[in-house]
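To be precise, the following lines are coords37.txt, and they hold compact mmCIF, C-alpha atoms.
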```
# COMPACT_ATOMS: atom_id res chain seq x y z
CA MET A 226 3.57 -22.78 -15.56
CA LYS A 227 0.81 -22.43 -18.14
CA LYS A 228 1.49 -19.78 -20.74
CA LEU A 229 -1.43 -17.47 -20.14
CA LEU A 230 -0.60 -15.10 -22.96
CA ALA A 231 -1.43 -17.70 -25.56
CA TYR A 232 -5.06 -17.68 -24.45
CA LEU A 233 -5.62 -13.97 -24.91
CA LEU A 234 -7.13 -12.93 -28.22
CA PRO A 235 -6.89 -9.34 -29.47
CA PHE A 236 -9.08 -7.00 -27.48
CA ILE A 237 -11.81 -4.96 -29.13
CA LEU A 238 -12.10 -1.37 -27.97
CA PHE A 239 -15.62 -0.30 -28.68
CA THR A 240 -15.69 3.08 -26.97
CA ASN A 241 -13.33 5.57 -25.36
CA ILE A 242 -14.97 8.89 -24.67
CA SER A 243 -12.51 11.49 -23.40
CA TYR A 244 -14.73 13.98 -21.61
CA ALA A 245 -15.54 12.15 -18.39
CA ILE A 246 -16.19 14.24 -15.32
CA ILE A 247 -14.85 11.73 -12.80
CA GLU A 248 -11.10 11.53 -12.40
CA ILE A 249 -8.60 11.02 -9.57
CA ASP A 250 -5.44 12.94 -8.77
CA ILE A 251 -3.20 10.15 -7.48
CA THR A 252 -0.52 12.58 -6.29
CA GLU A 253 -2.74 13.71 -3.42
CA GLY A 254 -2.14 12.47 0.10
CA ASN A 255 -4.82 11.07 2.36
CA ARG A 256 -7.91 11.48 0.17
CA GLU A 257 -11.38 9.96 0.24
CA PRO A 258 -11.68 6.93 -2.07
CA LEU A 259 -13.90 7.39 -5.11
CA PRO A 260 -17.11 5.35 -4.69
CA LEU A 261 -17.76 2.85 -7.49
CA ALA A 262 -20.70 0.52 -8.02
CA ILE A 263 -19.45 -2.77 -9.46
CA SER A 264 -22.27 -4.99 -10.62
CA GLU A 265 -22.18 -8.75 -10.90
CA PHE A 266 -21.42 -9.68 -14.49
CA PHE A 267 -24.57 -10.93 -16.24
CA HIS A 268 -24.38 -14.27 -18.01
CA ASP A 269 -26.22 -16.36 -20.59
CA ASN A 270 -27.33 -19.02 -18.08
CA ASN A 271 -24.60 -21.39 -19.18
CA PRO A 272 -24.24 -23.92 -16.32
CA GLU A 273 -20.47 -24.01 -16.78
CA ILE A 274 -20.29 -20.37 -15.77
CA ILE A 275 -22.82 -20.61 -12.96
CA ASP A 276 -21.19 -23.67 -11.41
CA LYS A 277 -17.82 -21.96 -11.16
CA LYS A 278 -19.39 -18.76 -9.81
CA ILE A 279 -17.29 -16.85 -12.29
CA THR A 280 -19.66 -13.90 -12.36
CA GLU A 281 -19.28 -13.31 -8.63
CA ASN A 282 -15.54 -14.04 -8.64
CA ILE A 283 -14.77 -11.58 -11.42
CA ARG A 284 -16.55 -8.80 -9.58
CA THR A 285 -14.75 -9.66 -6.34
CA VAL A 286 -11.27 -9.62 -7.91
CA ILE A 287 -11.91 -6.31 -9.67
CA SER A 288 -13.31 -4.75 -6.51
CA ASP A 289 -10.44 -6.04 -4.34
CA ASP A 290 -7.80 -4.78 -6.79
CA LEU A 291 -9.25 -1.29 -6.91
CA GLU A 292 -9.85 -1.04 -3.15
CA ARG A 293 -6.27 -2.13 -2.38
CA SER A 294 -5.03 0.84 -4.40
CA GLY A 295 -6.61 3.07 -1.74
CA LEU A 296 -8.19 5.21 -4.45
CA PHE A 297 -11.57 3.48 -4.78
CA SER A 298 -14.30 2.08 -2.58
CA SER A 299 -16.95 -0.42 -3.70
CA ILE A 300 -20.57 0.24 -2.84
CA ASP A 301 -22.38 -2.70 -1.27
CA ASP A 302 -24.61 -4.33 -3.90
CA LYS A 303 -27.42 -4.46 -1.34
CA ALA A 304 -27.79 -0.72 -1.89
CA PHE A 305 -28.33 -1.11 -5.65
CA ILE A 306 -31.69 0.16 -6.88
CA GLN A 307 -31.33 -1.00 -10.46
CA ASN A 308 -30.19 -4.60 -10.67
CA ASN A 309 -31.24 -6.05 -13.98
CA ARG A 310 -29.56 -6.84 -17.28
CA ALA A 311 -30.82 -3.62 -18.87
CA MET A 312 -28.35 -1.61 -16.81
CA HIS A 313 -25.51 -2.97 -18.95
CA LEU A 314 -27.09 -1.35 -22.02
CA LYS A 315 -28.48 1.84 -20.46
CA PRO A 316 -28.24 2.48 -16.72
CA ARG A 317 -30.77 4.61 -14.90
CA PHE A 318 -28.15 7.13 -13.85
CA ALA A 319 -30.34 8.87 -11.28
CA ASP A 320 -30.61 5.58 -9.36
CA TRP A 321 -26.82 5.33 -9.13
CA ARG A 322 -26.31 8.93 -8.14
CA LEU A 323 -28.86 8.40 -5.37
CA ILE A 324 -26.56 5.82 -3.74
CA LYS A 325 -23.52 8.11 -4.21
CA ALA A 326 -21.91 6.05 -6.97
CA GLN A 327 -19.69 8.30 -9.07
CA GLY A 328 -18.78 5.44 -11.39
CA LEU A 329 -20.61 2.27 -12.44
CA LEU A 330 -19.07 -0.91 -13.85
CA THR A 331 -21.32 -3.37 -15.67
CA GLY A 332 -20.41 -6.56 -17.49
CA GLU A 333 -21.69 -9.53 -19.43
CA LEU A 334 -20.32 -13.04 -19.96
CA THR A 335 -20.98 -15.51 -22.76
CA ILE A 336 -19.46 -18.77 -23.95
CA GLU A 337 -18.32 -18.85 -27.58
CA ASP A 338 -16.61 -21.99 -28.93
CA ASP A 339 -15.64 -23.07 -25.40
CA ARG A 340 -14.08 -19.68 -24.73
CA LEU A 341 -15.14 -17.05 -22.26
CA ARG A 342 -16.22 -13.73 -23.76
CA VAL A 343 -16.10 -10.92 -21.20
CA GLU A 344 -17.57 -7.53 -22.00
CA PHE A 345 -17.45 -4.62 -19.57
CA ARG A 346 -18.53 -1.02 -19.59
CA LEU A 347 -17.53 1.81 -17.27
CA TRP A 348 -20.06 4.61 -16.86
CA ASP A 349 -19.78 8.13 -15.46
CA THR A 350 -23.02 8.48 -13.54
CA PHE A 351 -22.90 12.29 -13.43
CA ALA A 352 -22.01 12.88 -17.07
CA GLU A 353 -24.38 9.99 -17.94
CA LYS A 354 -21.84 8.66 -20.40
CA GLU A 355 -20.02 5.42 -21.09
CA ILE A 356 -16.33 6.26 -20.70
CA GLU A 357 -14.63 2.92 -21.27
CA GLY A 358 -15.47 -0.46 -22.65
CA LEU A 359 -13.73 -3.63 -23.79
CA VAL A 360 -14.46 -7.12 -25.02
CA LEU A 361 -11.93 -9.76 -23.96
CA ILE A 362 -11.92 -13.40 -25.02
CA THR A 363 -9.98 -16.10 -23.21
CA THR A 364 -10.22 -19.61 -21.82
CA ILE A 365 -12.71 -20.16 -19.02
CA ASP A 366 -10.04 -20.92 -16.41
CA ASN A 367 -8.31 -17.60 -17.17
CA TRP A 368 -11.08 -15.51 -15.59
CA ARG A 369 -8.85 -14.22 -12.77
CA ARG A 370 -6.32 -12.65 -15.09
CA ILE A 371 -9.11 -11.08 -17.13
CA SER A 372 -10.37 -9.53 -13.89
CA HIS A 373 -6.96 -7.96 -13.21
CA MET A 374 -6.86 -6.57 -16.74
CA ILE A 375 -10.28 -4.98 -16.33
CA ALA A 376 -9.17 -3.42 -13.04
CA ASP A 377 -6.10 -2.05 -14.85
CA LYS A 378 -8.27 -0.44 -17.52
CA ILE A 379 -10.53 1.19 -14.91
CA TYR A 380 -7.52 2.45 -12.94
CA GLU A 381 -5.95 3.86 -16.11
CA ARG A 382 -9.18 5.51 -17.29
CA LEU A 383 -9.87 7.25 -13.98
CA THR A 384 -6.33 8.19 -12.93
CA GLY A 385 -4.53 8.71 -16.24
CA GLU A 386 -1.81 6.31 -15.05
CA GLU A 387 -1.05 2.77 -16.17
CA GLY A 388 -2.49 0.09 -13.90
CA TYR A 389 -0.42 -2.50 -12.06
CA PHE A 390 -2.83 -5.33 -11.19
CA ASP A 391 -1.97 -7.81 -13.98
CA THR A 392 1.43 -8.45 -12.43
CA ARG A 393 3.21 -11.02 -10.30
CA ILE A 394 5.53 -11.04 -7.31
CA VAL A 395 8.46 -13.39 -6.80
CA TYR A 396 9.89 -13.66 -3.30
CA VAL A 397 11.89 -15.81 -0.88
CA ALA A 398 9.56 -18.11 1.06
CA GLU A 399 10.92 -18.87 4.55
CA GLU A 400 10.15 -21.57 7.08
CA GLY A 401 11.80 -22.84 10.26
CA PRO A 402 13.71 -21.24 13.16
CA LYS A 403 15.70 -18.10 12.45
CA ASN A 404 19.08 -19.85 12.67
CA LYS A 405 17.96 -22.69 10.36
CA ARG A 406 15.66 -21.08 7.83
CA ILE A 407 14.60 -23.07 4.79
CA LYS A 408 14.40 -20.63 1.88
CA LYS A 409 12.61 -21.33 -1.39
CA LEU A 410 11.64 -19.21 -4.35
CA ALA A 411 7.90 -18.60 -4.67
CA ILE A 412 5.73 -16.69 -7.11
CA MET A 413 2.17 -15.37 -6.91
CA ASP A 414 -0.16 -12.83 -8.46
CA GLN A 415 0.14 -9.37 -6.94
CA ASP A 416 -2.94 -10.09 -4.82
CA GLY A 417 -1.48 -13.32 -3.41
CA ALA A 418 -3.49 -15.70 -5.64
CA ASN A 419 -2.03 -18.52 -7.78
CA HIS A 420 0.78 -19.10 -5.32
CA LYS A 421 3.50 -21.54 -6.43
CA PHE A 422 6.91 -22.62 -5.13
CA LEU A 423 9.66 -22.53 -7.77
CA THR A 424 12.47 -24.30 -5.88
CA SER A 425 12.56 -27.17 -3.40
CA GLY A 426 14.40 -25.54 -0.52
CA LYS A 427 17.37 -27.91 -0.67
CA GLU A 428 19.65 -25.01 -1.53
CA LEU A 429 19.66 -21.51 -0.07
CA VAL A 430 18.20 -18.90 -2.44
CA LEU A 431 18.47 -15.12 -2.25
CA THR A 432 17.57 -11.90 -4.09
CA PRO A 433 15.20 -13.00 -6.88
CA ARG A 434 14.70 -10.28 -9.51
CA PHE A 435 12.40 -10.12 -12.54
CA ASN A 436 13.62 -9.64 -16.07
CA PRO A 437 11.90 -6.42 -17.23
CA VAL A 438 11.15 -7.75 -20.73
CA ARG A 439 10.66 -11.52 -20.34
CA GLN A 440 8.94 -13.90 -17.92
CA GLU A 441 12.26 -14.77 -16.35
CA ILE A 442 14.01 -14.18 -13.05
CA THR A 443 17.61 -14.10 -11.91
CA TYR A 444 18.58 -15.10 -8.40
CA LEU A 445 21.47 -16.18 -6.23
CA SER A 446 21.72 -19.72 -4.88
CA TYR A 447 24.35 -21.66 -2.98
CA PHE A 448 25.37 -24.90 -4.67
CA LYS A 449 27.64 -26.95 -2.42
CA ASN A 450 28.15 -23.78 -0.37
CA LEU A 451 29.36 -21.85 -3.42
CA PRO A 452 27.38 -18.88 -4.75
CA ARG A 453 25.87 -19.22 -8.20
CA VAL A 454 23.77 -16.83 -10.25
CA TYR A 455 20.87 -18.49 -12.06
CA LEU A 456 18.29 -17.64 -14.69
CA LEU A 457 14.86 -19.27 -14.39
CA ASN A 458 12.22 -19.18 -17.13
CA ILE A 459 8.92 -18.95 -15.26
CA GLN A 460 6.82 -20.33 -18.11
CA THR A 461 8.97 -23.36 -19.00
CA GLY A 462 10.65 -23.98 -15.65
CA ILE A 463 14.02 -24.24 -17.42
CA GLN A 464 16.89 -23.13 -15.18
CA GLU A 465 20.28 -21.98 -16.39
CA VAL A 466 23.50 -21.20 -14.54
CA VAL A 467 24.79 -17.76 -15.45
CA GLY A 468 28.15 -18.47 -13.90
CA ASP A 469 30.18 -19.60 -10.91
CA PHE A 470 32.04 -16.70 -9.37
CA PRO A 471 34.91 -16.95 -6.89
CA GLY A 472 34.33 -15.32 -3.53
CA MET A 473 30.91 -13.93 -2.69
CA THR A 474 28.24 -12.74 -5.09
CA PHE A 475 25.46 -10.33 -4.17
CA ALA A 476 22.25 -8.89 -5.55
CA PRO A 477 22.15 -9.78 -9.28
CA ARG A 478 19.73 -7.60 -11.25
CA PHE A 479 18.80 -7.22 -14.93
CA SER A 480 19.49 -4.25 -17.15
CA PRO A 481 16.36 -2.54 -18.57
CA ASP A 482 16.63 -4.42 -21.88
CA GLY A 483 17.10 -7.76 -20.10
CA GLY A 484 20.38 -8.36 -21.92
CA LYS A 485 22.77 -7.89 -18.99
CA ILE A 486 23.04 -8.76 -15.32
CA ILE A 487 24.70 -6.37 -12.91
CA MET A 488 25.92 -7.65 -9.54
CA SER A 489 28.37 -7.20 -6.71
CA LEU A 490 31.31 -9.60 -6.57
CA ALA A 491 33.73 -9.95 -3.68
CA ARG A 492 37.25 -10.63 -4.85
CA GLU A 493 40.34 -10.56 -2.65
CA GLY A 494 38.24 -9.26 0.23
CA ASN A 495 36.81 -6.35 -1.73
CA SER A 496 33.30 -5.98 -3.17
CA ASP A 497 32.87 -4.14 -6.47
CA LEU A 498 30.22 -3.92 -9.16
CA TYR A 499 30.43 -6.01 -12.32
CA VAL A 500 28.16 -6.42 -15.32
CA MET A 501 27.79 -9.53 -17.48
CA ASP A 502 26.53 -9.53 -21.05
CA LEU A 503 24.17 -12.52 -21.25
CA THR A 504 24.83 -12.96 -24.97
CA ASN A 505 28.55 -13.65 -24.74
CA ARG A 506 28.99 -13.97 -20.94
CA VAL A 507 31.71 -11.30 -20.94
CA VAL A 508 32.12 -9.72 -17.49
CA GLU A 509 33.11 -6.06 -17.11
CA ARG A 510 34.21 -4.40 -13.89
CA LEU A 511 32.47 -1.08 -13.15
CA THR A 512 33.85 0.06 -9.77
CA ASP A 513 37.28 -0.26 -8.18
CA SER A 514 37.05 0.88 -4.60
CA PRO A 515 38.56 -0.43 -1.34
CA ALA A 516 35.07 -0.14 0.14
CA ILE A 517 31.99 -2.37 -0.22
CA ASP A 518 29.95 -1.51 -3.32
CA THR A 519 26.72 -3.45 -3.69
CA SER A 520 22.96 -3.39 -4.53
CA PRO A 521 23.20 -1.92 -8.05
CA SER A 522 20.08 -0.88 -9.98
CA TYR A 523 19.80 0.62 -13.47
CA SER A 524 17.80 3.69 -14.41
CA PRO A 525 14.95 2.78 -16.81
CA ASP A 526 16.84 4.21 -19.80
CA GLY A 527 19.93 2.18 -18.91
CA LYS A 528 22.19 5.24 -18.82
CA LYS A 529 22.70 5.42 -15.04
CA ILE A 530 23.21 3.04 -12.12
CA THR A 531 22.47 3.61 -8.47
CA PHE A 532 24.20 1.56 -5.77
CA ASN A 533 25.21 1.76 -2.15
CA SER A 534 28.75 1.97 -0.79
CA ASP A 535 30.53 2.59 2.50
CA ARG A 536 33.49 4.29 0.82
CA GLY A 537 32.75 7.48 2.74
CA GLY A 538 32.78 5.75 6.13
CA SER A 539 29.08 4.86 6.27
CA GLN A 540 26.64 3.13 3.95
CA GLN A 541 25.28 5.69 1.46
CA ILE A 542 23.62 5.85 -1.96
CA TYR A 543 25.62 6.70 -5.07
CA VAL A 544 24.82 7.23 -8.75
CA MET A 545 27.16 6.71 -11.70
CA ASP A 546 27.07 6.39 -15.49
CA SER A 547 26.40 2.87 -16.76
CA ASN A 548 30.08 2.55 -17.75
CA GLY A 549 31.16 3.22 -14.15
CA ARG A 550 32.22 6.83 -14.62
CA ASN A 551 31.11 9.95 -12.74
CA GLN A 552 30.44 8.25 -9.41
CA LYS A 553 28.68 10.62 -7.04
CA ARG A 554 27.08 10.31 -3.61
CA ILE A 555 23.47 11.52 -3.56
CA SER A 556 22.16 10.61 -0.06
CA LYS A 557 22.48 13.72 2.08
CA GLN A 558 20.55 13.14 5.32
CA GLY A 559 21.70 11.34 8.46
CA GLY A 560 21.67 7.55 8.79
CA ASN A 561 22.77 4.55 6.73
CA TYR A 562 21.19 3.74 3.35
CA ALA A 563 20.83 0.45 1.48
CA THR A 564 19.00 -1.36 -1.37
CA PRO A 565 18.49 1.61 -3.74
CA VAL A 566 16.09 0.85 -6.62
CA TRP A 567 15.39 3.16 -9.53
CA SER A 568 11.73 3.87 -10.26
CA PRO A 569 10.39 2.63 -13.63
CA ARG A 570 9.25 6.24 -14.19
CA GLY A 571 12.85 7.39 -13.82
CA ASP A 572 12.05 10.18 -11.36
CA LEU A 573 12.77 8.59 -7.97
CA ILE A 574 15.04 6.13 -6.19
CA ALA A 575 13.56 4.00 -3.40
CA PHE A 576 15.76 2.88 -0.53
CA THR A 577 16.06 1.34 2.92
CA LYS A 578 17.35 3.63 5.66
CA PHE A 579 18.58 2.85 9.17
CA TYR A 580 18.39 5.86 11.47
CA GLN A 581 18.16 6.19 15.27
CA GLY A 582 17.41 2.50 15.78
CA GLN A 583 14.61 2.25 13.21
CA TYR A 584 14.38 1.07 9.60
CA PHE A 585 12.60 3.21 7.03
CA ILE A 586 11.43 2.71 3.46
CA GLY A 587 11.71 5.98 1.58
CA VAL A 588 12.21 7.69 -1.76
CA MET A 589 14.36 10.53 -3.03
CA ARG A 590 14.87 12.28 -6.34
CA THR A 591 17.71 10.99 -8.48
CA ASP A 592 19.97 13.84 -7.33
CA GLY A 593 19.27 13.03 -3.67
CA SER A 594 16.89 15.92 -3.05
CA GLY A 595 13.33 15.63 -1.79
CA GLU A 596 13.89 12.67 0.53
CA ARG A 597 10.62 11.32 1.97
CA LEU A 598 10.31 8.49 4.49
CA LEU A 599 7.12 6.53 3.86
CA THR A 600 7.08 3.93 6.62
CA GLU A 601 9.15 2.83 9.63
CA ASN A 602 9.56 -0.35 11.65
CA TRP A 603 12.11 -2.09 13.83
CA TYR A 604 13.26 -4.03 10.75
CA GLN A 605 12.21 -3.73 7.11
CA GLU A 606 14.04 -3.48 3.78
CA ALA A 607 14.26 -4.35 0.07
CA PRO A 608 11.74 -2.10 -1.71
CA SER A 609 10.53 -3.06 -5.20
CA TRP A 610 8.44 -0.86 -7.52
CA SER A 611 5.09 -1.49 -9.13
CA SER A 612 5.17 -1.31 -12.92
CA ASN A 613 3.70 2.22 -12.91
CA GLY A 614 6.06 3.58 -10.26
CA ARG A 615 3.29 4.52 -7.82
CA VAL A 616 3.48 1.70 -5.23
CA LEU A 617 6.30 -0.06 -3.41
CA ILE A 618 6.45 -3.51 -1.89
CA PHE A 619 9.01 -4.46 0.75
CA TYR A 620 9.41 -7.00 3.51
CA ARG A 621 9.09 -6.46 7.22
CA GLU A 622 10.03 -8.59 10.21
CA THR A 623 7.70 -8.63 13.20
CA LYS A 624 8.79 -9.55 16.71
CA ALA A 625 6.93 -12.39 18.38
CA ASN A 626 7.10 -10.59 21.75
CA ASP A 627 8.61 -7.56 23.47
CA ALA A 628 11.78 -9.49 24.28
CA GLY A 629 12.38 -10.06 20.57
CA ASP A 630 12.12 -13.86 20.84
CA GLY A 631 11.18 -15.30 17.47
CA HIS A 632 9.97 -13.36 14.49
CA SER A 633 7.93 -13.54 11.33
CA SER A 634 8.53 -11.82 8.02
CA SER A 635 5.94 -10.69 5.52
CA ILE A 636 5.49 -8.57 2.40
CA TRP A 637 3.88 -5.15 2.65
CA SER A 638 2.91 -2.49 0.14
CA ILE A 639 2.70 1.28 0.43
CA ASP A 640 1.98 3.99 -2.12
CA LEU A 641 4.02 7.14 -2.64
CA THR A 642 1.69 9.21 -0.47
CA GLY A 643 2.61 7.05 2.52
CA PHE A 644 -1.06 6.63 3.53
CA ASN A 645 -2.01 3.25 2.05
CA GLU A 646 0.04 0.57 3.81
CA ARG A 647 -1.19 -3.02 3.42
CA LYS A 648 0.04 -6.53 4.18
CA ILE A 649 0.11 -9.10 1.37
CA ILE A 650 -0.92 -12.51 2.65
CA THR A 651 1.42 -15.43 1.90
CA PRO A 652 1.18 -19.06 3.07
CA VAL A 653 4.60 -18.90 4.75
CA ASP A 654 6.97 -16.17 5.87
CA ALA A 655 8.15 -13.98 3.01
CA SER A 656 11.18 -11.79 2.30
CA ASP A 657 13.02 -10.00 -0.51
CA PRO A 658 10.14 -9.49 -2.98
CA SER A 659 10.44 -8.41 -6.60
CA TRP A 660 7.51 -7.03 -8.60
CA SER A 661 7.07 -7.83 -12.29
CA LYS A 662 6.08 -5.51 -15.10
CA LEU A 663 2.60 -5.90 -16.57
CA ILE A 664 2.41 -9.42 -17.98
CA GLN A 665 0.87 -8.39 -21.33
```
Turn this file's structure into structure tokens for me.
Amino acid sequence: MKKLLAYLLPFILFTNISYAIIEIDITEGNREPLPLAISEFFHDNNPEIIDKKITENIRTVISDDLERSGLFSSIDDKAFIQNNRAMHLKPRFADWRLIKAQGLLTGELTIEDDRLRVEFRLWDTFAEKEIEGLVLITTIDNWRRISHMIADKIYERLTGEEGYFDTRIVYVAEEGPKNKRIKKLAIMDQDGANHKFLTSGKELVLTPRFNPVRQEITYLSYFKNLPRVYLLNIQTGIQEVVGDFPGMTFAPRFSPDGGKIIMSLAREGNSDLYVMDLTNRVVERLTDSPAIDTSPSYSPDGKKITFNSDRGGSQQIYVMDSNGRNQKRISKQGGNYATPVWSPRGDLIAFTKFYQGQYFIGVMRTDGSGERLLTENWYQEAPSWSSNGRVLIFYRETKANDAGDGHSSSIWSIDLTGFNERKIITPVDASDPSWSKLIQ
């Protein structure tokens, strides 16, 4: 995979006024999206830009990113009154207020030494002020990533929270009948673009997880019917075997610093949690229970681990210190719980819950209080957090008919309010997604 970061030059912040009137409280529930006018980016008539329709594409990607968040709506450009290059320097704010635009995004493209120079400005139409602006320089074919970065800056400026659009999703791509599924690793941008398969499908793959500090994933694969844990560098394509483990291995996941992998290993018929230091490959046992302990996930500071266990007679969520001490059950409501994942903000744990014949994706505080169920379906699981801790992705299976014959699986997203549920389009069936941090 091409190393995109090498093409990004330092960004120039040319304004950042702090007294904007428009802002969004993203903790609210079902709220009206904030209307934005996003203009087509003006250009210097360079045929290379015009032929690729980059101006239109950049606007579309930015608009789609922001609309998918559920917090913004884009005003149709047919309603624009002012539509000339002067608006990028000084908009006629009354014209934009007339069409109900609370914010206005303008931009300009130029070619400098075969590189694409992208300048954007975000305006508050009521305060009649420029509230954000950047110049970004990159290669011409990197326009899509630049678009995500601009959307992130707009999201951050208007919500006060870090954006999550310049990210990627790795998942298990599935094809074939349910009893003979071919499973491959696949990766894509968070909006489904730039899709790529990472493995051939010759070997079964499961539970891909991103390294939080490097462009790397860990996953489980079966080599000659034996479970192996792998590391895969996304940029170089170099794959490395972490180790062969006797018995069964489940759900490998990185520590917050990327230096360790925690997993569940089944030895002598018993599944416990182990952690491996990737520097010296030393393995340390963390739990010693006659029950099944699995699905471990670190807190963002690395001091705690959440996991699920049936040691109490049913599958529940537990929290312990990172050295395995002070193990405590935190799930308190009825039903069975699985796949707990600590939020990157540190305040919540997401989970899958099975209760009264339905599967739920929900969140709770780290002490188990404040449980909220965000979405339900006949089968769904495996939540993964956005980099800012405000959105979850998960996968859902859909019945082909009322008799339950056949099925399809796909990735969905939902925000913490529970009101903005959306399907992410993939070329094949999809399961077990993992969301990266901002690429940066």
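Near Leu314 in chain A, within 12 Å and counting only C-alpha atoms, sit Phe267, Leu330, Thr331, Gly332, Glu333, Glu344, Phe345, Arg346, Leu347, Trp348, Lys354, Glu355 and Gly358 of chain A; same-chain residues fewer than 6 positions away were not included.
Pairwise distance (CA of Glu601 in chain A, CA of Val566 in chain A) equals 17.8 Å.
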Test item: residues at most 12 Å from Ile459 in chain A, only C-alpha atoms, excluding those fewer than 5 positions along its chain, as a ChimeraX atom specification | /A:226-229,393-395,410-413,421-424,434-436,439-443,464-465,661,664
Export of prior selection with C-alpha atoms as a compact mmCIF listing (two decimals), in the coordinates of the input:
```txt
# COMPACT_ATOMS: atom_id res chain seq x y z
CA MET A 226 3.57 -22.78 -15.56
CA LYS A 227 0.81 -22.43 -18.14
CA LYS A 228 1.49 -19.78 -20.74
CA LEU A 229 -1.43 -17.47 -20.14
CA ARG A 393 3.21 -11.02 -10.30
CA ILE A 394 5.53 -11.04 -7.31
CA VAL A 395 8.46 -13.39 -6.80
CA LEU A 410 11.64 -19.21 -4.35
CA ALA A 411 7.90 -18.60 -4.67
CA ILE A 412 5.73 -16.69 -7.11
CA MET A 413 2.17 -15.37 -6.91
CA LYS A 421 3.50 -21.54 -6.43
CA PHE A 422 6.91 -22.62 -5.13
CA LEU A 423 9.66 -22.53 -7.77
CA THR A 424 12.47 -24.30 -5.88
CA ARG A 434 14.70 -10.28 -9.51
CA PHE A 435 12.40 -10.12 -12.54
CA ASN A 436 13.62 -9.64 -16.07
CA ARG A 439 10.66 -11.52 -20.34
CA GLN A 440 8.94 -13.90 -17.92
CA GLU A 441 12.26 -14.77 -16.35
CA ILE A 442 14.01 -14.18 -13.05
CA THR A 443 17.61 -14.10 -11.91
CA GLN A 464 16.89 -23.13 -15.18
CA GLU A 465 20.28 -21.98 -16.39
CA SER A 661 7.07 -7.83 -12.29
CA ILE A 664 2.41 -9.42 -17.98
```
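Here the question is which of A:Thr461, A:Gly549, A:Ile263, A:Lys278 gets nearest to Asp302 in chain A using only C-alpha atoms, and that residue is A:Ile263.
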Counting only C-alpha atoms, which residues come within 9 Å of (9.8, -17.1, 5.7), with the point read in the file's coordinates, and could you list them as a PDB file with C-alpha atoms, in the coordinates of the input?
```
ATOM      1  CA  VAL A 397      11.890 -15.810  -0.880  1.00  0.00           C
ATOM      2  CA  ALA A 398       9.560 -18.110   1.060  1.00  0.00           C
ATOM      3  CA  GLU A 399      10.920 -18.870   4.550  1.00  0.00           C
ATOM      4  CA  GLU A 400      10.150 -21.570   7.080  1.00  0.00           C
ATOM      5  CA  GLY A 401      11.800 -22.840  10.260  1.00  0.00           C
ATOM      6  CA  ARG A 406      15.660 -21.080   7.830  1.00  0.00           C
ATOM      7  CA  ILE A 407      14.600 -23.070   4.790  1.00  0.00           C
ATOM      8  CA  LYS A 408      14.400 -20.630   1.880  1.00  0.00           C
ATOM      9  CA  LYS A 409      12.610 -21.330  -1.390  1.00  0.00           C
ATOM     10  CA  SER A 633       7.930 -13.540  11.330  1.00  0.00           C
ATOM     11  CA  SER A 634       8.530 -11.820   8.020  1.00  0.00           C
ATOM     12  CA  SER A 635       5.940 -10.690   5.520  1.00  0.00           C
ATOM     13  CA  VAL A 653       4.600 -18.900   4.750  1.00  0.00           C
ATOM     14  CA  ASP A 654       6.970 -16.170   5.870  1.00  0.00           C
ATOM     15  CA  ALA A 655       8.150 -13.980   3.010  1.00  0.00           C
ATOM     16  CA  SER A 656      11.180 -11.790   2.300  1.00  0.00           C
TER      17      SER A 656
END
```
Radius query 12 Å about (33.0, -9.3, -18.2), atoms used: all atoms listed in the file, as a VMD selection string | chain A and resid 468 470 485 to 488 490 498 to 511
Tell me which protein, DNA and RNA residues are within 12 Å of Lys449 in chain A, counting all atoms listed in the file, leaving out same-chain ones fewer than 6 positions away, and put them as a ChimeraX atom specification.
-> /A:427-429,469
Deliver the residues from the most recent selection as a file, using C-alpha atoms, as a CSV table (one decimal), in the frame of the given file.
```
chain,number,residue,atom,x,y,z
A,427,LYS,CA,17.4,-27.9,-0.7
A,428,GLU,CA,19.6,-25.0,-1.5
A,429,LEU,CA,19.7,-21.5,-0.1
A,469,ASP,CA,30.2,-19.6,-10.9
```
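For the pair CA of Leu431 in chain A and CA of Arg554 in chain A, the interatomic distance is 26.9 Å.
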So what do you get for CA of Leu445 in chain A versus CA of Phe475 in chain A, distance-wise?
-> 7.4 Å
Find the residues around Leu617 in chain A up to 10 Å (only C-alpha atoms counted), leave out those fewer than 3 positions away in its own chain, and share them as JSON, numbers by chain.
-> {"A": [568, 575, 586, 587, 588, 599, 607, 608, 609, 610, 611, 612, 614, 637, 638, 639, 640, 641, 643, 646, 659, 660]}
In terms of the shortest atom-to-atom distance over all atoms listed in the file, which of A:Thr350, A:Thr364, A:Thr600, A:Ser539 is closest to Pro316 in chain A?
-> A:Thr350
